[in-house]
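Everything below belongs to input-v5.csv, which stores CSV, C-alpha atoms.
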chain,number,residue,atom,x,y,z
A,1359,MET,CA,11.4,15.4,65.3
A,1360,LYS,CA,8.5,15.9,63.0
A,1361,ILE,CA,9.2,16.7,59.3
A,1362,GLU,CA,6.7,19.2,57.8
A,1363,LYS,CA,5.4,18.5,54.4
A,1364,ASN,CA,6.4,21.0,51.7
A,1365,ASN,CA,4.6,20.6,48.4
A,1366,ARG,CA,7.1,22.9,46.6
A,1367,TYR,CA,10.1,20.7,47.6
A,1368,PHE,CA,8.2,17.6,46.9
A,1369,THR,CA,7.4,18.7,43.4
A,1370,ILE,CA,11.0,19.7,42.7
A,1371,ALA,CA,12.1,16.3,44.0
A,1372,ALA,CA,9.6,14.5,41.8
A,1373,TYR,CA,10.8,16.4,38.7
A,1374,ALA,CA,14.4,15.7,39.6
A,1375,VAL,CA,13.8,12.0,40.1
A,1376,GLY,CA,11.8,11.9,36.8
A,1377,ALA,CA,14.5,13.7,34.9
A,1378,CYS,CA,17.2,11.3,36.3
A,1379,LEU,CA,15.1,8.3,35.3
A,1380,VAL,CA,14.5,9.7,31.8
A,1381,THR,CA,18.3,10.4,31.4
A,1382,VAL,CA,19.3,6.9,32.5
A,1383,ILE,CA,16.7,5.3,30.2
A,1384,GLY,CA,17.9,7.5,27.3
A,1385,ILE,CA,21.6,6.6,27.9
A,1386,LEU,CA,20.7,2.9,28.2
A,1387,ALA,CA,18.7,3.1,25.0
A,1388,VAL,CA,21.6,4.7,23.1
A,1389,LEU,CA,24.1,2.2,24.4
A,1390,HIS,CA,21.9,-0.8,23.6
A,1391,PHE,CA,20.3,0.7,20.5
A,1392,LYS,CA,20.1,-2.6,18.5
A,1393,GLU,CA,18.5,-4.5,21.3
A,1394,VAL,CA,16.0,-1.7,22.0
A,1395,TRP,CA,15.1,-1.3,18.4
A,1396,ALA,CA,14.7,-5.1,17.9
A,1397,ALA,CA,12.4,-5.2,21.0
A,1398,ILE,CA,10.4,-2.2,19.7
A,1399,CYS,CA,10.0,-3.9,16.2
A,1400,LYS,CA,9.0,-7.1,17.9
A,1401,VAL,CA,6.3,-5.4,20.0
A,1402,PHE,CA,4.9,-3.6,17.0
A,1403,GLY,CA,5.1,-6.7,14.9
A,1404,LEU,CA,3.1,-8.6,17.6
A,1405,ILE,CA,0.5,-5.7,17.7
A,1406,TYR,CA,0.3,-5.8,13.9
A,1407,TRP,CA,-0.2,-9.6,13.9
A,1408,LEU,CA,-2.9,-9.4,16.5
A,1409,LEU,CA,-4.7,-6.4,15.0
A,1410,LYS,CA,-4.0,-7.1,11.3
A,1411,PRO,CA,-7.6,-7.2,10.1
A,1412,LEU,CA,-8.4,-4.0,12.1
A,1413,ILE,CA,-5.4,-2.1,10.7
A,1414,LEU,CA,-6.1,-3.3,7.2
A,1415,GLY,CA,-9.8,-2.3,7.7
A,1416,PHE,CA,-8.7,1.3,8.7
A,1417,VAL,CA,-6.5,1.5,5.6
A,1418,ILE,CA,-9.2,0.2,3.2
A,1419,ALA,CA,-11.8,2.5,4.8
A,1420,TYR,CA,-9.5,5.6,4.5
A,1421,LEU,CA,-8.8,4.8,0.8
A,1422,LEU,CA,-12.5,4.2,-0.1
A,1423,ASP,CA,-13.9,7.1,1.9
A,1424,PRO,CA,-13.7,9.6,-1.0
A,1425,ILE,CA,-15.8,7.3,-3.2
A,1426,VAL,CA,-18.4,6.9,-0.3
A,1427,GLU,CA,-18.5,10.7,0.0
A,1428,PHE,CA,-19.1,10.9,-3.8
A,1429,TYR,CA,-22.1,8.6,-3.6
A,1430,GLU,CA,-23.3,10.2,-0.5
A,1431,ASN,CA,-23.5,13.6,-2.2
A,1432,ARG,CA,-25.3,12.0,-5.1
A,1433,CYS,CA,-27.8,10.4,-2.8
A,1434,HIS,CA,-28.1,13.8,-1.0
A,1435,LYS,CA,-29.1,15.4,-4.3
A,1436,ILE,CA,-31.6,12.7,-5.1
A,1437,LYS,CA,-33.2,12.3,-1.7
A,1438,GLY,CA,-33.2,15.9,-0.6
A,1439,LYS,CA,-31.9,17.7,2.4
A,1440,GLU,CA,-34.3,16.1,4.8
A,1441,LEU,CA,-32.3,12.8,4.6
A,1442,PHE,CA,-28.7,14.0,4.4
A,1443,HIS,CA,-27.9,17.0,6.6
A,1444,SER,CA,-24.8,19.1,6.4
A,1445,LYS,CA,-21.7,17.8,8.0
A,1446,LYS,CA,-21.8,20.4,10.8
A,1447,ASP,CA,-25.4,19.6,11.8
A,1448,GLN,CA,-24.6,15.9,11.5
A,1449,ALA,CA,-21.5,16.1,13.7
A,1450,GLU,CA,-23.4,18.0,16.4
A,1451,SER,CA,-26.3,15.5,16.5
A,1452,ASP,CA,-24.5,12.2,15.8
A,1453,LEU,CA,-24.5,11.1,19.5
A,1454,ASN,CA,-28.1,12.1,20.0
A,1455,HIS,CA,-29.6,10.5,16.8
A,1456,PRO,CA,-28.3,7.0,16.3
A,1457,LYS,CA,-30.5,6.5,13.2
A,1458,ARG,CA,-28.4,9.0,11.3
A,1459,TRP,CA,-25.3,6.9,11.7
A,1460,HIS,CA,-26.6,4.5,9.1
A,1461,MET,CA,-27.3,7.1,6.4
A,1462,ARG,CA,-24.1,6.0,4.7
A,1463,THR,CA,-25.2,2.4,4.3
A,1464,VAL,CA,-26.4,2.8,0.7
A,1465,PRO,CA,-23.3,4.9,-0.4
A,1466,THR,CA,-21.1,2.3,1.2
A,1467,LEU,CA,-22.8,-0.5,-0.6
A,1468,PHE,CA,-22.5,1.4,-3.9
A,1469,THR,CA,-18.8,1.8,-3.2
A,1470,PHE,CA,-18.2,-1.9,-2.6
A,1471,LEU,CA,-20.2,-2.7,-5.7
A,1472,THR,CA,-18.0,-0.3,-7.6
A,1473,VAL,CA,-14.8,-2.0,-6.3
A,1474,ILE,CA,-16.2,-5.4,-7.2
A,1475,MET,CA,-17.1,-4.2,-10.7
A,1476,VAL,CA,-13.7,-2.7,-11.3
A,1477,LEU,CA,-12.0,-5.9,-10.2
A,1478,GLY,CA,-14.4,-8.0,-12.3
A,1479,LEU,CA,-13.7,-5.8,-15.3
A,1480,PHE,CA,-9.9,-6.2,-14.8
A,1481,ILE,CA,-10.3,-10.0,-14.5
A,1482,LEU,CA,-12.5,-10.0,-17.6
A,1483,ILE,CA,-9.9,-8.0,-19.6
A,1484,ILE,CA,-7.2,-10.5,-18.5
A,1485,VAL,CA,-9.3,-13.5,-19.5
A,1486,MET,CA,-10.3,-12.0,-22.9
A,1487,ASN,CA,-6.7,-11.1,-23.6
A,1488,ILE,CA,-5.5,-14.6,-22.7
A,1489,GLU,CA,-8.2,-16.3,-24.9
A,1490,ALA,CA,-7.4,-14.0,-27.8
A,1491,ILE,CA,-3.7,-14.9,-27.6
A,1492,ALA,CA,-3.8,-18.5,-26.5
A,1493,GLY,CA,-6.2,-19.6,-29.2
A,1494,ASN,CA,-6.5,-23.4,-29.1
A,1495,PHE,CA,-4.3,-23.6,-26.0
A,1496,SER,CA,-5.6,-26.4,-23.7
A,1497,LEU,CA,-4.8,-28.1,-20.5
A,1498,LEU,CA,-4.6,-31.4,-22.3
A,1499,GLY,CA,-1.6,-30.1,-24.3
A,1500,ILE,CA,0.1,-29.2,-21.0
A,1501,LYS,CA,-0.5,-32.7,-19.6
A,1502,GLU,CA,0.9,-34.4,-22.7
A,1503,SER,CA,4.0,-32.1,-22.7
A,1504,ILE,CA,4.7,-32.9,-19.0
A,1505,ASN,CA,4.3,-36.7,-19.6
A,1506,ARG,CA,6.6,-36.5,-22.6
A,1507,TYR,CA,9.3,-34.6,-20.6
A,1508,LEU,CA,9.0,-37.1,-17.7
A,1509,ALA,CA,9.4,-40.1,-20.1
A,1510,TYR,CA,12.4,-38.4,-21.7
A,1511,PHE,CA,14.0,-37.8,-18.3
A,1512,GLU,CA,13.5,-41.5,-17.2
A,1513,ASN,CA,14.9,-42.8,-20.5
A,1514,MET,CA,17.9,-40.5,-20.0
A,1515,LEU,CA,18.6,-41.8,-16.4
A,1516,GLU,CA,18.3,-45.4,-17.7
A,1517,GLY,CA,20.8,-44.6,-20.4
A,1518,VAL,CA,23.3,-43.0,-18.0
A,1519,ASN,CA,22.9,-46.0,-15.7
A,1520,ARG,CA,23.7,-48.5,-18.5
A,1521,PHE,CA,26.6,-46.4,-19.7
A,1522,THR,CA,28.2,-46.3,-16.2
A,1523,ASN,CA,27.7,-50.1,-15.7
A,1524,GLU,CA,29.3,-50.9,-19.1
A,1525,MET,CA,32.3,-48.6,-18.6
A,1526,GLY,CA,32.8,-49.7,-15.0
A,1527,ILE,CA,32.4,-46.1,-13.8
A,1528,LEU,CA,31.2,-45.9,-10.1
A,1529,ARG,CA,31.7,-49.6,-9.7
A,1530,GLY,CA,31.3,-50.5,-6.1
A,1531,GLN,CA,29.4,-47.2,-5.5
A,1532,GLU,CA,25.9,-48.5,-5.9
A,1533,GLY,CA,24.7,-46.5,-2.9
A,1534,ILE,CA,25.3,-43.2,-4.8
A,1535,VAL,CA,22.1,-43.8,-6.9
A,1536,GLN,CA,20.2,-44.4,-3.7
A,1537,LYS,CA,21.6,-41.2,-2.2
A,1538,VAL,CA,20.6,-39.3,-5.3
A,1539,TYR,CA,17.1,-40.7,-5.1
A,1540,SER,CA,16.9,-39.9,-1.3
A,1541,ALA,CA,18.1,-36.3,-2.0
A,1542,ILE,CA,15.4,-35.9,-4.7
A,1543,ASN,CA,12.8,-37.4,-2.3
A,1544,ASP,CA,13.8,-35.0,0.5
A,1545,PHE,CA,13.7,-32.1,-1.9
A,1546,VAL,CA,10.2,-33.1,-3.1
A,1547,LEU,CA,9.0,-33.4,0.6
A,1548,ARG,CA,10.4,-30.0,1.5
A,1549,LEU,CA,8.8,-28.5,-1.5
A,1550,SER,CA,5.5,-30.2,-0.6
A,1551,ASN,CA,5.7,-28.9,2.9
A,1552,GLN,CA,6.5,-25.4,1.7
A,1553,PHE,CA,3.6,-25.6,-0.7
A,1554,LEU,CA,1.2,-26.6,2.2
A,1555,ASN,CA,2.6,-23.8,4.4
A,1556,SER,CA,2.1,-21.4,1.5
A,1557,LEU,CA,-1.5,-22.5,1.1
A,1558,THR,CA,-2.1,-22.1,4.9
A,1559,THR,CA,-0.6,-18.6,4.8
A,1560,ILE,CA,-2.7,-17.7,1.7
A,1561,GLY,CA,-5.8,-18.9,3.5
A,1562,LEU,CA,-5.1,-16.9,6.6
A,1563,ASN,CA,-4.3,-13.8,4.6
A,1564,THR,CA,-7.5,-14.2,2.6
A,1565,MET,CA,-9.5,-14.5,5.8
A,1566,ASN,CA,-7.8,-11.5,7.3
A,1567,LEU,CA,-8.5,-9.5,4.1
A,1568,LEU,CA,-12.2,-10.5,4.0
A,1569,LEU,CA,-12.5,-9.6,7.7
A,1570,ALA,CA,-10.7,-6.3,6.9
A,1571,PHE,CA,-13.3,-5.5,4.2
A,1572,VAL,CA,-16.1,-6.2,6.7
A,1573,ILE,CA,-14.5,-3.9,9.3
A,1574,ALA,CA,-14.0,-1.3,6.6
A,1575,PHE,CA,-17.6,-1.5,5.6
A,1576,TYR,CA,-18.8,-0.8,9.2
A,1577,LEU,CA,-16.2,2.0,9.6
A,1578,LEU,CA,-17.4,3.7,6.4
A,1579,GLN,CA,-21.0,3.3,7.4
A,1580,ASP,CA,-20.5,4.6,10.9
A,1581,LYS,CA,-17.9,7.2,10.1
A,1582,GLN,CA,-19.6,10.1,11.8
A,1583,ARG,CA,-20.3,8.1,15.0
A,1584,CYS,CA,-16.6,6.9,15.1
A,1585,ILE,CA,-15.3,10.4,14.7
A,1586,ALA,CA,-17.7,11.8,17.3
A,1587,VAL,CA,-16.7,9.1,19.8
A,1588,VAL,CA,-13.0,9.6,19.2
A,1589,LYS,CA,-13.4,13.4,19.5
A,1590,LYS,CA,-15.4,13.1,22.7
A,1591,ALA,CA,-12.9,10.7,24.3
A,1592,SER,CA,-9.9,12.9,23.2
A,1593,TYR,CA,-11.6,16.0,24.7
A,1594,THR,CA,-12.2,14.1,27.9
A,1595,LEU,CA,-8.7,12.8,28.3
A,1596,LEU,CA,-6.7,15.7,27.0
A,1597,LYS,CA,-6.4,19.3,28.1
A,1598,PRO,CA,-8.2,21.8,25.8
A,1599,LYS,CA,-5.0,23.3,24.4
A,1600,ILE,CA,-3.5,19.8,23.7
A,1601,TYR,CA,-6.8,18.7,22.2
A,1602,ARG,CA,-6.9,21.7,19.8
A,1603,HIS,CA,-3.3,21.0,18.7
A,1604,THR,CA,-4.0,17.3,18.3
A,1605,MET,CA,-7.1,18.0,16.1
A,1606,VAL,CA,-5.0,20.4,14.0
A,1607,LEU,CA,-2.3,17.8,13.7
A,1608,CYS,CA,-4.7,15.1,12.6
A,1609,HIS,CA,-6.3,17.5,10.1
A,1610,ASP,CA,-2.9,18.3,8.6
A,1611,ILE,CA,-1.9,14.6,8.4
A,1612,ASP,CA,-5.2,13.9,6.6
A,1613,TYR,CA,-4.7,16.8,4.3
A,1614,VAL,CA,-1.2,15.6,3.3
A,1615,PHE,CA,-1.9,12.0,2.8
A,1616,SER,CA,-5.2,12.5,1.0
A,1617,GLY,CA,-3.5,14.8,-1.4
A,1618,TYR,CA,-0.6,12.4,-1.9
A,1619,ILE,CA,-2.9,9.4,-2.4
A,1620,ARG,CA,-4.9,11.4,-4.9
A,1621,GLY,CA,-1.8,12.4,-6.8
A,1622,GLN,CA,-0.4,8.8,-6.8
A,1623,ILE,CA,-3.7,7.4,-8.2
A,1624,ILE,CA,-3.7,10.0,-11.0
A,1625,ASP,CA,-0.1,9.2,-11.8
A,1626,ALA,CA,-0.8,5.5,-11.8
A,1627,MET,CA,-3.7,5.9,-14.2
A,1628,ILE,CA,-1.5,8.0,-16.5
A,1629,VAL,CA,1.3,5.4,-16.5
A,1630,ALA,CA,-1.2,2.6,-17.1
A,1631,VAL,CA,-2.7,4.3,-20.1
A,1632,LEU,CA,0.6,5.3,-21.6
A,1633,THR,CA,2.1,1.8,-21.2
A,1634,SER,CA,-1.0,0.1,-22.6
A,1635,LEU,CA,-1.0,2.4,-25.7
A,1636,ALA,CA,2.7,2.1,-26.3
A,1637,LEU,CA,2.8,-1.7,-26.1
A,1638,THR,CA,-0.4,-2.0,-28.2
A,1639,VAL,CA,1.2,0.1,-30.9
A,1640,ILE,CA,4.2,-2.4,-30.8
A,1641,GLN,CA,1.7,-5.2,-31.0
A,1642,LEU,CA,3.1,-6.9,-27.9
A,1643,ASP,CA,0.9,-9.6,-26.3
A,1644,PHE,CA,-0.8,-8.8,-23.0
A,1645,ALA,CA,-0.3,-5.1,-23.6
A,1646,ILE,CA,-3.3,-4.0,-21.6
A,1647,ILE,CA,-2.5,-6.4,-18.7
A,1648,ILE,CA,1.1,-5.2,-18.6
A,1649,GLY,CA,-0.1,-1.5,-18.6
A,1650,VAL,CA,-2.6,-2.1,-15.8
A,1651,ILE,CA,0.0,-4.0,-13.7
A,1652,ALA,CA,2.6,-1.2,-14.3
A,1653,GLY,CA,0.0,1.4,-13.2
A,1654,ILE,CA,-0.8,-0.5,-10.0
A,1655,PHE,CA,2.8,-1.0,-9.0
A,1656,ASN,CA,3.4,2.7,-9.9
A,1657,LEU,CA,1.6,3.6,-6.6
A,1658,ILE,CA,5.2,3.0,-5.3
A,1659,PRO,CA,7.2,5.8,-6.9
A,1660,TYR,CA,9.2,4.7,-10.0
A,1661,PHE,CA,8.4,1.0,-9.3
A,1662,GLY,CA,5.7,0.6,-11.9
A,1663,PRO,CA,7.8,1.2,-15.0
A,1664,ILE,CA,10.4,-1.3,-13.7
A,1665,VAL,CA,7.8,-4.0,-13.4
A,1666,GLY,CA,6.4,-3.1,-16.8
A,1667,PHE,CA,10.0,-3.2,-18.2
A,1668,ILE,CA,10.6,-6.7,-16.9
A,1669,LEU,CA,7.2,-8.0,-18.1
A,1670,ALA,CA,7.6,-6.4,-21.6
A,1671,ILE,CA,11.0,-8.1,-22.0
A,1672,ILE,CA,9.8,-11.5,-20.9
A,1673,ILE,CA,6.7,-11.4,-23.2
A,1674,GLY,CA,8.7,-10.0,-26.0
A,1675,ILE,CA,11.3,-12.7,-25.9
A,1676,LEU,CA,8.6,-15.4,-26.0
A,1677,ASP,CA,7.1,-13.8,-29.1
A,1678,PRO,CA,7.9,-15.2,-32.5
A,1679,ASN,CA,9.5,-11.7,-33.2
A,1680,PRO,CA,12.0,-11.2,-30.4
A,1681,MET,CA,12.7,-7.6,-31.5
A,1682,LYS,CA,9.4,-6.8,-29.8
A,1683,ALA,CA,11.2,-7.2,-26.5
A,1684,VAL,CA,13.7,-4.5,-27.5
A,1685,TYR,CA,10.9,-2.2,-28.7
A,1686,GLY,CA,8.9,-2.8,-25.5
A,1687,ALA,CA,12.0,-2.1,-23.3
A,1688,ILE,CA,12.7,1.2,-25.2
A,1689,ALA,CA,9.0,2.3,-24.9
A,1690,ILE,CA,8.9,1.5,-21.1
A,1691,LEU,CA,12.2,3.4,-20.6
A,1692,ILE,CA,10.8,6.4,-22.3
A,1693,ILE,CA,7.7,6.3,-20.2
A,1694,GLN,CA,9.8,5.9,-17.1
A,1695,GLN,CA,11.7,9.0,-17.9
A,1696,ILE,CA,8.6,11.0,-18.6
A,1697,ASP,CA,6.9,9.7,-15.4
A,1698,GLY,CA,10.0,10.4,-13.2
A,1699,TRP,CA,10.9,13.8,-14.4
A,1700,ILE,CA,7.6,15.3,-15.6
A,1701,ILE,CA,4.4,13.5,-14.4
A,1702,VAL,CA,5.4,12.7,-10.8
A,1703,PRO,CA,6.9,16.1,-9.8
A,1704,LYS,CA,4.0,17.9,-11.5
A,1705,VAL,CA,1.0,15.8,-10.6
A,1706,VAL,CA,2.0,14.7,-7.1
A,1707,GLY,CA,3.6,18.1,-6.3
A,1708,GLU,CA,0.4,19.9,-7.2
A,1709,CYS,CA,-1.6,17.7,-5.0
A,1710,VAL,CA,0.7,18.1,-1.9
A,1711,LYS,CA,1.7,21.7,-2.7
A,1712,LEU,CA,5.4,21.0,-3.1
A,1713,HIS,CA,7.7,22.2,-5.8
A,1714,PRO,CA,8.7,19.5,-8.4
A,1715,VAL,CA,12.3,19.7,-7.3
A,1716,ILE,CA,11.4,19.1,-3.6
A,1717,VAL,CA,9.3,16.1,-4.7
A,1718,LEU,CA,12.3,14.6,-6.5
A,1719,LEU,CA,14.7,15.3,-3.6
A,1720,ALA,CA,12.2,13.8,-1.1
A,1721,ILE,CA,12.0,10.6,-3.2
A,1722,LEU,CA,15.7,10.3,-3.7
A,1723,ILE,CA,16.6,11.1,0.0
A,1724,GLY,CA,13.9,8.8,1.3
A,1725,GLY,CA,15.1,6.0,-1.0
A,1726,ASN,CA,18.8,6.4,0.0
A,1727,LEU,CA,17.9,6.4,3.7
A,1728,PHE,CA,15.2,3.8,4.0
A,1729,GLY,CA,15.0,2.0,0.7
A,1730,LEU,CA,11.6,1.2,-0.9
A,1731,MET,CA,9.6,2.4,2.2
A,1732,GLY,CA,11.5,5.7,2.1
A,1733,MET,CA,10.6,6.3,-1.5
A,1734,LEU,CA,7.0,5.6,-0.6
A,1735,ILE,CA,6.7,7.9,2.4
A,1736,GLY,CA,9.3,10.5,1.4
A,1737,VAL,CA,6.9,12.9,-0.4
A,1738,PRO,CA,4.1,12.9,2.3
A,1739,VAL,CA,6.8,13.4,5.1
A,1740,ALA,CA,8.2,16.4,3.2
A,1741,ALA,CA,4.7,17.8,2.7
A,1742,PHE,CA,3.9,17.3,6.4
A,1743,ILE,CA,7.2,19.1,7.4
A,1744,ARG,CA,6.2,22.0,5.1
A,1745,LEU,CA,2.8,22.2,6.9
A,1746,VAL,CA,4.5,22.2,10.3
A,1747,LEU,CA,6.9,24.9,9.3
A,1748,LEU,CA,4.1,27.1,7.9
A,1749,ARG,CA,1.9,26.6,10.9
A,1750,TYR,CA,4.4,26.8,13.8
A,1751,VAL,CA,7.6,28.5,12.7
A,1752,THR,CA,6.2,32.0,12.6
A,1753,GLU,CA,9.6,33.6,12.7
A,1754,LEU,CA,10.5,32.4,9.3
A,1755,PHE,CA,7.0,32.3,7.9
A,1756,PRO,CA,4.9,35.0,9.5
A,1757,ASP,CA,2.0,34.5,7.1
A,1758,GLY,CA,2.4,30.7,6.9
A,1759,GLU,CA,-0.8,29.7,8.8
A,1760,GLU,CA,-2.8,32.1,6.6
A,1761,VAL,CA,-1.3,30.6,3.4
A,1762,LEU,CA,-2.0,27.1,4.7
A,1763,GLU,CA,-5.6,27.9,5.6
A,1764,GLU,CA,-6.1,29.4,2.1
A,1765,GLU,CA,-4.7,26.2,0.5
A,1766,ILE,CA,-7.0,24.0,2.5
A,1767,ALA,CA,-10.0,26.2,1.8
A,1768,SER,CA,-9.2,26.2,-2.0
A,1769,GLN,CA,-8.9,22.4,-1.9
A,1770,ALA,CA,-12.3,22.1,-0.2
A,1771,LYS,CA,-13.9,24.4,-2.8
A,1772,GLU,CA,-12.5,22.2,-5.6
A,1773,GLU,CA,-13.8,19.1,-3.9
A,1774,ILE,CA,-17.3,20.7,-3.6
A,1775,LYS,CA,-17.2,21.7,-7.3
A,1776,GLU,CA,-16.3,18.1,-8.2
A,1777,LYS,CA,-19.1,16.8,-6.0

As structure tokens, what does this structure read like?
Amino acid sequence: MKIEKNNRYFTIAAYAVGACLVTVIGILAVLHFKEVWAAICKVFGLIYWLLKPLILGFVIAYLLDPIVEFYENRCHKIKGKELFHSKKDQAESDLNHPKRWHMRTVPTLFTFLTVIMVLGLFILIIVMNIEAIAGNFSLLGIKESINRYLAYFENMLEGVNRFTNEMGILRGQEGIVQKVYSAINDFVLRLSNQFLNSLTTIGLNTMNLLLAFVIAFYLLQDKQRCIAVVKKASYTLLKPKIYRHTMVLCHDIDYVFSGYIRGQIIDAMIVAVLTSLALTVIQLDFAIIIGVIAGIFNLIPYFGPIVGFILAIIIGILDPNPMKAVYGAIAILIIQQIDGWIIVPKVVGECVKLHPVIVLLAILIGGNLFGLMGMLIGVPVAAFIRLVLLRYVTELFPDGEEVLEEEIASQAKEEIKEK
């Protein structure tokens, strides 16, 4: 008997089988959540290890892109409109005019020179501060001190050995000394191996970082070509409706993270200046260095003042006047409170369009749930949830998408004015 093909029943059967498979896989994933999560983390860890320079290159390029655009607009004003076209005209003709892809070469070079100059200035400040404080400090003095301590330690061991022999202590246990020396030798060997492994790791990370900067350079230089290729591939692979939603989603993510990064950089600069001024008034050594380090670590919310607090106490204790440690700790605590309750909610909240209370709640909830990483991504995740609610939950926010478009347009106008 011949069975006639029925596309309708075939489609229903395919959906039923697919639903059953998804249900079974979901139940197994829930029952074996730890194993599944460990496997997922292992896969992502392997991907990150393989593509580490590329991922770091994308991150560096994303962070440096505003500086490149700043120089690009300055070059546009200098060279005229015949060299740098508008973004709309450039996006439409990128794939047809390869020579225009390299118009960002000079702005990218200026950006990398700026980064090198800033790092060089930071190193110069550190060297000058150390020279001003160290005075006649020399490596020869360190060598003499180490030799003196080693000689003292050897004399102490010889004295202990003579004392035990005279008193009859550990008589018949001559192997103990050999065991102690063997244990010390093993410890030194393990320490040497760890040191060599650390040097190897540092070398690999340095190579990856250098390669990441090279990748970032080419990504920044060929930004329009990369965007055009990705858009063309996405439009080819995705349906028009999904493509539009994907582009909107990517635009919203960029809007949130660019605002958050901008706010964090402003907050870090404020903390660095306040910490440097406060510790300079106290006349604490390495005041500017501690302030800059506190500002850099403050890119992680509330982490910068903690680092500054620890460094200020250590440097203050080593000072001839130990009370500077107390004064430095009090100053850092005051700056931490000002940063946590005033600067972060106001500055970061303005950049991501969140109320200061929401910023504080996002940081606290993220920290309680996911620790340090949660504190770092809590605010951008909250800002992205706000954008999704405004754009898609029309029942609660009927004018949400219009409000969102107005915010994006106002931010674009501000960026144009700054440029």

Selection near Tyr1601 (chain A), 12 Å with only C-alpha atoms, sequence-local residues under 4 positions removed, as a list in words: Val1588, Lys1589, Lys1590, Ala1591, Ser1592, Tyr1593, Thr1594, Leu1595, Leu1596, Lys1597, Met1605, Val1606, Leu1607 and Cys1608 of chain A

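Distances to Gly1698 (chain A) were evaluated for A:Val1684, A:Ile1658, A:Ile1474, A:Met1731 using all atoms listed in the file, and the minimum falls at A:Ile1658.
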
Option closest in space to Val1473 (chain A), from A:Leu1421, A:Leu1409, A:Val1715, A:Val1375 [counting all atoms listed in the file]: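 Closest candidate: A:Leu1421.
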
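Relative to CA of Val1706 (chain A), CA of Gly1666 (chain A) is found at 20.7 Å.
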
Write out as a ChimeraX atom specification the residues lying within 10 Å of Asn1563 (chain A), counting all atoms listed in the file and excluding same-chain residues fewer than 6 positions away. /A:1410-1411,1557,1569

Within 9 Å of Ile1664 (chain A), counting all atoms listed in the file, which residues qualify if same-chain residues fewer than 2 places away don't, as number ranges by chain? A: 1652, 1655-1656, 1660-1662, 1666-1669, 1690-1691, 1694

In file coordinates, which residues lie within 12 Å of (13.4, 13.2, -8.6) using all atoms listed in the file, given as a PDB file with C-alpha atoms, in the coordinates of the input?
ATOM      1  CA  PRO A1659       7.200   5.800  -6.900  1.00  0.00           C
ATOM      2  CA  TYR A1660       9.200   4.700 -10.000  1.00  0.00           C
ATOM      3  CA  GLN A1694       9.800   5.900 -17.100  1.00  0.00           C
ATOM      4  CA  GLN A1695      11.700   9.000 -17.900  1.00  0.00           C
ATOM      5  CA  ILE A1696       8.600  11.000 -18.600  1.00  0.00           C
ATOM      6  CA  ASP A1697       6.900   9.700 -15.400  1.00  0.00           C
ATOM      7  CA  GLY A1698      10.000  10.400 -13.200  1.00  0.00           C
ATOM      8  CA  TRP A1699      10.900  13.800 -14.400  1.00  0.00           C
ATOM      9  CA  ILE A1700       7.600  15.300 -15.600  1.00  0.00           C
ATOM     10  CA  ILE A1701       4.400  13.500 -14.400  1.00  0.00           C
ATOM     11  CA  VAL A1702       5.400  12.700 -10.800  1.00  0.00           C
ATOM     12  CA  PRO A1703       6.900  16.100  -9.800  1.00  0.00           C
ATOM     13  CA  LYS A1704       4.000  17.900 -11.500  1.00  0.00           C
ATOM     14  CA  VAL A1706       2.000  14.700  -7.100  1.00  0.00           C
ATOM     15  CA  GLY A1707       3.600  18.100  -6.300  1.00  0.00           C
ATOM     16  CA  HIS A1713       7.700  22.200  -5.800  1.00  0.00           C
ATOM     17  CA  PRO A1714       8.700  19.500  -8.400  1.00  0.00           C
ATOM     18  CA  VAL A1715      12.300  19.700  -7.300  1.00  0.00           C
ATOM     19  CA  ILE A1716      11.400  19.100  -3.600  1.00  0.00           C
ATOM     20  CA  VAL A1717       9.300  16.100  -4.700  1.00  0.00           C
ATOM     21  CA  LEU A1718      12.300  14.600  -6.500  1.00  0.00           C
ATOM     22  CA  LEU A1719      14.700  15.300  -3.600  1.00  0.00           C
ATOM     23  CA  ALA A1720      12.200  13.800  -1.100  1.00  0.00           C
ATOM     24  CA  ILE A1721      12.000  10.600  -3.200  1.00  0.00           C
ATOM     25  CA  LEU A1722      15.700  10.300  -3.700  1.00  0.00           C
ATOM     26  CA  ILE A1723      16.600  11.100   0.000  1.00  0.00           C
ATOM     27  CA  GLY A1724      13.900   8.800   1.300  1.00  0.00           C
ATOM     28  CA  GLY A1725      15.100   6.000  -1.000  1.00  0.00           C
ATOM     29  CA  MET A1733      10.600   6.300  -1.500  1.00  0.00           C
ATOM     30  CA  GLY A1736       9.300  10.500   1.400  1.00  0.00           C
ATOM     31  CA  VAL A1737       6.900  12.900  -0.400  1.00  0.00           C
TER      32      VAL A1737
END

Atom pair CA of Lys1400 (chain A) / CA of Ser1556 (chain A): separation (Å):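 Computed distance, CA of Lys1400 (chain A) to CA of Ser1556 (chain A), equals 22.8 Å.
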
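Rounded to one decimal, CA of Ile1483 (chain A) and CA of Ile1675 (chain A) lie 22.6 Å from each other.
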
Nearest candidate to Phe1575 (chain A) (options A:Thr1381, A:Asn1679, A:Thr1369, A:Thr1466; using all atoms listed in the file): A:Thr1466
